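**Student:** Dropping in input-v2.txt, with compact mmCIF, C-alpha atoms.
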# COMPACT_ATOMS: atom_id res chain seq x y z
CA MET A 30 29.69 35.70 21.70
CA ARG A 31 29.67 38.99 19.85
CA VAL A 32 27.04 41.11 18.13
CA LYS A 33 27.63 42.94 14.84
CA ILE A 34 25.01 45.44 13.63
CA PHE A 35 24.28 46.18 9.96
CA ASN A 36 21.87 48.92 8.88
CA LEU A 37 20.16 47.48 5.82
CA GLY A 38 17.50 48.50 3.34
CA VAL A 39 15.61 51.68 2.60
CA LEU A 40 14.41 52.04 6.22
CA ALA A 41 17.83 51.38 7.78
CA THR A 42 16.65 48.27 9.58
CA ASN A 43 18.95 46.94 12.27
CA CYS A 44 20.18 43.53 11.16
CA TYR A 45 22.03 41.65 13.89
CA LEU A 46 24.75 39.10 13.26
CA ILE A 47 25.60 37.14 16.40
CA PHE A 48 28.69 34.98 16.24
CA ASN A 49 30.68 32.62 18.41
CA LYS A 50 33.94 31.01 17.29
CA ASP A 51 33.29 29.94 13.67
CA GLU A 52 29.48 30.02 13.59
CA ALA A 53 26.95 32.83 13.26
CA ILE A 54 23.25 33.58 13.04
CA VAL A 55 21.46 36.58 11.58
CA ILE A 56 18.33 38.31 12.86
CA ASP A 57 16.23 40.37 10.40
CA PRO A 58 18.28 40.79 7.20
CA GLY A 59 16.20 43.69 5.93
CA GLY A 60 18.06 44.52 2.73
CA GLU A 61 20.86 43.60 0.34
CA PRO A 62 23.08 41.20 2.35
CA THR A 63 26.41 41.86 0.58
CA GLU A 64 27.97 43.36 3.72
CA ILE A 65 26.95 40.32 5.74
CA ILE A 66 28.45 37.91 3.20
CA LYS A 67 31.71 39.84 3.19
CA PHE A 68 31.88 39.85 6.97
CA LEU A 69 31.21 36.12 7.16
CA GLY A 70 33.97 35.41 4.65
CA LYS A 71 36.49 37.77 6.20
CA ASN A 72 36.00 36.19 9.62
CA ASN A 73 35.66 32.58 8.44
CA LEU A 74 32.14 32.29 9.85
CA THR A 75 29.48 29.78 8.83
CA LEU A 76 25.93 31.11 8.92
CA THR A 77 23.71 28.46 10.51
CA LEU A 78 20.38 30.25 11.00
CA ILE A 79 18.32 33.22 9.84
CA LEU A 80 15.72 34.42 12.34
CA ASN A 81 12.94 36.91 11.68
CA THR A 82 11.24 38.86 14.45
CA HIS A 83 8.33 39.43 12.04
CA LEU A 84 7.61 39.42 8.32
CA HIS A 85 7.23 43.07 7.36
CA PHE A 86 9.15 43.77 4.15
CA ASP A 87 11.83 45.94 5.75
CA HIS A 88 12.96 43.05 7.95
CA ILE A 89 13.02 40.26 5.36
CA GLN A 90 14.27 41.62 2.04
CA GLY A 91 17.66 39.93 2.40
CA ASN A 92 16.21 36.58 3.45
CA ALA A 93 16.09 34.84 0.08
CA LYS A 94 19.54 35.88 -1.15
CA LEU A 95 21.26 35.28 2.17
CA SER A 96 19.73 31.83 2.49
CA LYS A 97 20.66 30.90 -1.09
CA LEU A 98 24.27 32.01 -0.66
CA THR A 99 24.83 30.37 2.73
CA GLY A 100 22.37 27.49 2.88
CA ALA A 101 21.09 28.78 6.23
CA PRO A 102 17.40 28.01 6.91
CA ILE A 103 14.94 30.81 7.65
CA PHE A 104 12.66 30.74 10.70
CA ALA A 105 9.69 32.97 11.56
CA SER A 106 6.23 32.69 13.05
CA GLN A 107 3.57 31.11 10.85
CA LYS A 108 1.17 33.68 12.32
CA ASP A 109 2.84 36.28 10.08
CA ALA A 110 2.67 34.19 6.91
CA TYR A 111 -0.31 36.20 5.64
CA LEU A 112 2.01 39.21 5.30
CA LEU A 113 3.81 37.52 2.42
CA GLU A 114 0.58 37.85 0.43
CA SER A 115 0.36 41.61 0.97
CA GLU A 116 2.43 44.70 0.28
CA LEU A 117 3.42 44.79 3.95
CA GLY A 118 5.53 41.71 3.34
CA LEU A 119 6.09 41.78 -0.41
CA GLY A 120 7.03 45.47 -0.52
CA GLY A 121 6.40 47.40 -3.71
CA PHE A 122 4.20 50.13 -2.24
CA MET A 123 5.36 53.73 -1.79
CA ASP A 124 8.17 52.92 -4.25
CA PHE A 125 9.79 50.52 -1.78
CA PRO A 126 11.60 47.59 -3.44
CA SER A 127 9.88 44.24 -3.82
CA THR A 128 10.73 41.25 -1.66
CA GLU A 129 12.11 38.10 -3.27
CA LEU A 130 9.98 35.18 -2.13
CA PHE A 131 11.44 32.60 0.23
CA GLU A 132 10.41 29.58 2.25
CA PHE A 133 10.58 29.59 6.02
CA LYS A 134 10.05 27.17 8.88
CA ASP A 135 7.58 27.91 11.63
CA LEU A 136 9.19 29.05 14.88
CA ARG A 137 7.11 28.79 18.04
CA PRO A 138 7.74 30.18 21.53
CA GLY A 139 10.09 28.13 23.65
CA GLU A 140 13.76 27.48 24.18
CA ILE A 141 16.19 26.69 21.38
CA ASP A 142 19.94 26.08 21.28
CA VAL A 143 21.76 28.74 19.26
CA LEU A 144 25.54 28.94 18.96
CA ASN A 145 25.85 26.55 21.91
CA THR A 146 23.85 28.81 24.20
CA LYS A 147 20.20 29.14 25.22
CA CYS A 148 17.85 31.38 23.29
CA LYS A 149 14.32 31.92 24.55
CA VAL A 150 11.86 32.59 21.74
CA LEU A 151 9.21 34.93 23.15
CA ALA A 152 5.80 35.52 21.61
CA THR A 153 5.46 39.32 21.58
CA PRO A 154 2.51 40.22 19.31
CA GLY A 155 1.17 43.72 18.83
CA HIS A 156 3.22 45.15 15.99
CA SER A 157 2.16 42.06 14.05
CA PRO A 158 0.32 38.91 15.21
CA GLY A 159 3.41 36.74 14.86
CA SER A 160 6.04 39.09 16.25
CA LEU A 161 8.77 37.26 18.16
CA SER A 162 11.58 38.42 20.43
CA PHE A 163 14.80 36.50 20.99
CA TYR A 164 16.25 36.55 24.50
CA PHE A 165 19.74 35.27 25.29
CA PRO A 166 19.99 34.92 29.10
CA GLU A 167 23.76 34.44 29.13
CA LEU A 168 24.29 37.59 27.09
CA LYS A 169 21.52 39.56 28.82
CA ASP A 170 20.42 40.67 25.36
CA VAL A 171 16.96 40.64 23.82
CA PHE A 172 16.25 41.29 20.13
CA VAL A 173 12.74 42.67 19.78
CA GLY A 174 12.16 43.77 16.18
CA ASP A 175 9.62 46.60 16.11
CA LEU A 176 8.05 45.82 19.48
CA ILE A 177 9.74 48.55 21.53
CA PHE A 178 12.26 51.27 20.74
CA PHE A 179 14.26 53.80 22.73
CA ARG A 180 11.46 55.79 24.43
CA SER A 181 8.86 54.55 21.96
CA VAL A 182 7.07 51.48 20.62
CA GLY A 183 6.38 49.97 17.22
CA ARG A 184 3.56 51.05 14.92
CA THR A 185 0.22 49.38 15.43
CA ASP A 186 -1.76 51.03 12.62
CA PHE A 187 -0.91 48.33 10.08
CA PRO A 188 -3.37 45.45 9.59
CA GLY A 189 -2.76 42.97 12.41
CA GLY A 190 -1.39 45.61 14.79
CA ASP A 191 -2.87 46.32 18.21
CA LEU A 192 -1.46 48.82 20.70
CA GLU A 193 -2.97 47.25 23.81
CA ILE A 194 -1.67 43.81 22.83
CA LEU A 195 1.74 45.32 22.11
CA LYS A 196 1.90 47.02 25.51
CA LYS A 197 0.90 43.79 27.21
CA SER A 198 3.68 41.95 25.33
CA VAL A 199 6.23 44.49 26.51
CA GLU A 200 5.05 44.44 30.11
CA GLU A 201 4.80 40.64 30.37
CA SER A 202 7.73 39.49 28.21
CA ILE A 203 10.29 42.32 28.16
CA PHE A 204 9.84 44.26 31.40
CA THR A 205 10.02 41.00 33.35
CA LEU A 206 13.58 40.38 32.14
CA PRO A 207 16.55 41.40 34.33
CA ALA A 208 16.76 45.19 34.62
CA ASP A 209 20.16 45.41 32.91
CA THR A 210 19.07 43.44 29.83
CA ILE A 211 20.00 45.27 26.63
CA ILE A 212 17.10 45.77 24.22
CA TYR A 213 18.15 45.60 20.56
CA PRO A 214 15.31 47.05 18.43
CA GLY A 215 14.58 46.85 14.72
CA HIS A 216 15.42 50.53 14.18
CA GLY A 217 17.45 53.11 16.05
CA GLU A 218 19.66 52.81 19.08
CA SER A 219 19.68 50.09 21.70
CA THR A 220 18.32 50.67 25.17
CA VAL A 221 17.99 48.89 28.53
CA VAL A 222 14.98 47.29 30.22
CA LYS A 223 15.25 49.40 33.37
CA GLU A 224 15.47 52.65 31.38
CA GLU A 225 12.39 51.89 29.31
CA LYS A 226 10.41 50.91 32.41
CA MET A 227 11.20 54.27 33.93
CA HIS A 228 11.16 56.62 30.96
CA ASN A 229 9.19 55.20 28.04
CA PRO A 230 6.13 57.49 27.70
CA PHE A 231 3.92 54.60 26.58
CA PHE A 232 4.26 53.01 30.02
CA ILE A 233 3.67 55.92 32.37
CA GLY A 234 2.47 54.51 35.67
CA TYR A 235 3.98 51.10 35.09
CA ASN A 236 5.36 49.66 38.33
CA TYR A 237 9.00 49.59 37.26
CA LEU A 238 10.16 48.37 40.67
CA SER A 239 8.35 45.06 40.26
For this file, write the structure as structure tokens.

**Tutor:**
Amino acid sequence: MRVKIFNLGVLATNCYLIFNKDEAIVIDPGGEPTEIIKFLGKNNLTLTLILNTHLHFDHIQGNAKLSKLTGAPIFASQKDAYLLESELGLGGFMDFPSTELFEFKDLRPGEIDVLNTKCKVLATPGHSPGSLSFYFPELKDVFVGDLIFFRSVGRTDFPGGDLEILKKSVEESIFTLPADTIIYPGHGESTVVKEEKMHNPFFIGYNYLS
């Protein structure tokens, strides 16, 4: 399995395309998906699934078009559905583009089969109530949206955000993963579980040896 990163939309959101043989999935298509469509065609890949870590506008603006062009269903947490009734999900504020509406299926925590491998859907609220992370044990990769970044964490000043809940999500769901697990965030560079345990300033005093 391989991971291809696209920086999409006005906030340069990390969109991840994971592919294996002739099938692929996409996590957080946050802008115009033309590059994704071209890559799928060039590599003879069929898109089978669109996953959203959360439903803020900068992570979902390519959902509708990508789903229409590929037939791939969209999955996200129903706990974030309220965002699609506000500017946080619909966009349009601060001159950001509007989000084309789409339908999605509710995705709950648990284990799913993706590209013939296990994916653990983790409930990681804090940035939003329905924030999810996607952990692939065989790859030792976790895709976290705006939960945690390189030496930082996601914003919690939006409606539905809560810093203490976010920190608890990181400590209980991300820092408990194997130390060499790669963290793929919604913005910026990737990092590693062990490094964030030791050096992320939001977790000073955390027992990183546990």

**Student:** Report as CSV: every residue of range 59-141 of chain A with an atom at most 12 Å from range 145-162 of chain A, its closest pair of atoms, and their distance in Å to one decimal, counting only C-alpha atoms, with rows sorted by chain and ascending residue number.

**Tutor:**
residue,atom,partner,partner_atom,distance
A:Thr77,CA,A:Asn145,CA,11.8
A:Leu80,CA,A:Leu161,CA,9.5
A:Asn81,CA,A:Leu161,CA,7.7
A:Thr82,CA,A:Leu161,CA,4.7
A:His83,CA,A:Ser160,CA,4.8
A:Leu84,CA,A:Ser160,CA,8.1
A:His85,CA,A:Ser157,CA,8.5
A:His88,CA,A:Ser160,CA,11.5
A:Phe104,CA,A:Leu161,CA,10.6
A:Ala105,CA,A:Leu161,CA,7.9
A:Ser106,CA,A:Gly159,CA,5.3
A:Gln107,CA,A:Gly159,CA,6.9
A:Lys108,CA,A:Gly159,CA,4.6
A:Asp109,CA,A:Gly159,CA,4.8
A:Ala110,CA,A:Gly159,CA,8.4
A:Tyr111,CA,A:Gly159,CA,10.0
A:Leu112,CA,A:Ser157,CA,9.2
A:Leu117,CA,A:Ser157,CA,10.5
A:Gly118,CA,A:Ser157,CA,11.2
A:Asp135,CA,A:Gly159,CA,10.3
A:Leu136,CA,A:Val150,CA,8.2
A:Arg137,CA,A:Val150,CA,7.1
A:Pro138,CA,A:Val150,CA,4.8
A:Gly139,CA,A:Val150,CA,5.2
A:Glu140,CA,A:Lys149,CA,4.5
A:Ile141,CA,A:Cys148,CA,5.3

**Student:** Do a neighbour search on Val143 in chain A at 10 Å with all atoms listed in the file, toss out local chain neighbours closer than 5 positions, and write the hits as a list in words.

**Tutor:**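 Returned residues: Ile47, Phe48, Asn49, Glu52, Ala53, Ile54, Thr77, Leu78, Cys148, Lys149 and Phe165 of chain A.
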
**Student:** Nearest to Lys197 in chain A: which of A:Glu167, A:Lys223, A:Phe231, A:Gly100 is it, counting all atoms listed in the file?

**Tutor:**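 Among the listed residues, A:Phe231 lies closest to Lys197 in chain A.
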
**Student:** With distances taken over only C-alpha atoms, which residue among A:Val171, A:Ile194, A:Val199, A:Val39 lies nearest Tyr213 in chain A?

**Tutor:**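 Among A:Val171, A:Ile194, A:Val199, A:Val39, it is A:Val171 that comes nearest to Tyr213 in chain A.
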
**Student:** Which residue out of A:Gly70, A:Gly91, A:Pro62, A:Pro166 has the minimum interatomic distance to Leu206 in chain A when only C-alpha atoms are used?

**Tutor:** A:Pro166

**Student:** Tell me, in Å to one decimal, how far CA of Glu129 in chain A is from CA of Ile34 in chain A.

**Tutor:** 22.5 Å

**Student:** Between CA of Leu98 in chain A and CA of Phe68 in chain A, what distance in Å does the model show, to one decimal?

**Tutor:** 13.3 Å

**Student:** Could you check the closest approach to Thr42 in chain A for each of A:Val221, A:Ile89, A:Leu192, A:Met227 and tell me which residue wins, using all atoms listed in the file?

**Tutor:**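 Between A:Val221, A:Ile89, A:Leu192, A:Met227, the residue approaching Thr42 in chain A most closely is A:Ile89.
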
**Student:** My list of candidates is A:Ile66, A:Gly189, A:Glu114, A:Pro126. Which is closest to Lys97 in chain A when distances are computed with only C-alpha atoms?

**Tutor:**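 The shortest atom-to-atom distance to Lys97 in chain A comes from A:Ile66.
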
**Student:** Out of A:Leu119, A:Asp51, A:Lys134, A:Ala41, which residue has the shortest atom-to-atom distance to Asn72 in chain A when counting only C-alpha atoms?

**Tutor:**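 Among the listed residues, A:Asp51 lies closest to Asn72 in chain A.
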
**Student:** Considering only C-alpha atoms, return as number ranges by chain whatever protein or nucleic-acid residues lie within 9 Å of Phe179 in chain A, sequence-local ones (same chain, fewer than 4 positions apart) excluded.

**Tutor:** A: 212, 214, 217-221, 224-225, 229

**Student:** Quote the spacing between CA of Thr128 in chain A and CA of Lys94 in chain A in Å to one decimal place.

**Tutor:**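 Atom-to-atom, CA of Thr128 in chain A to CA of Lys94 in chain A, that is 10.3 Å.
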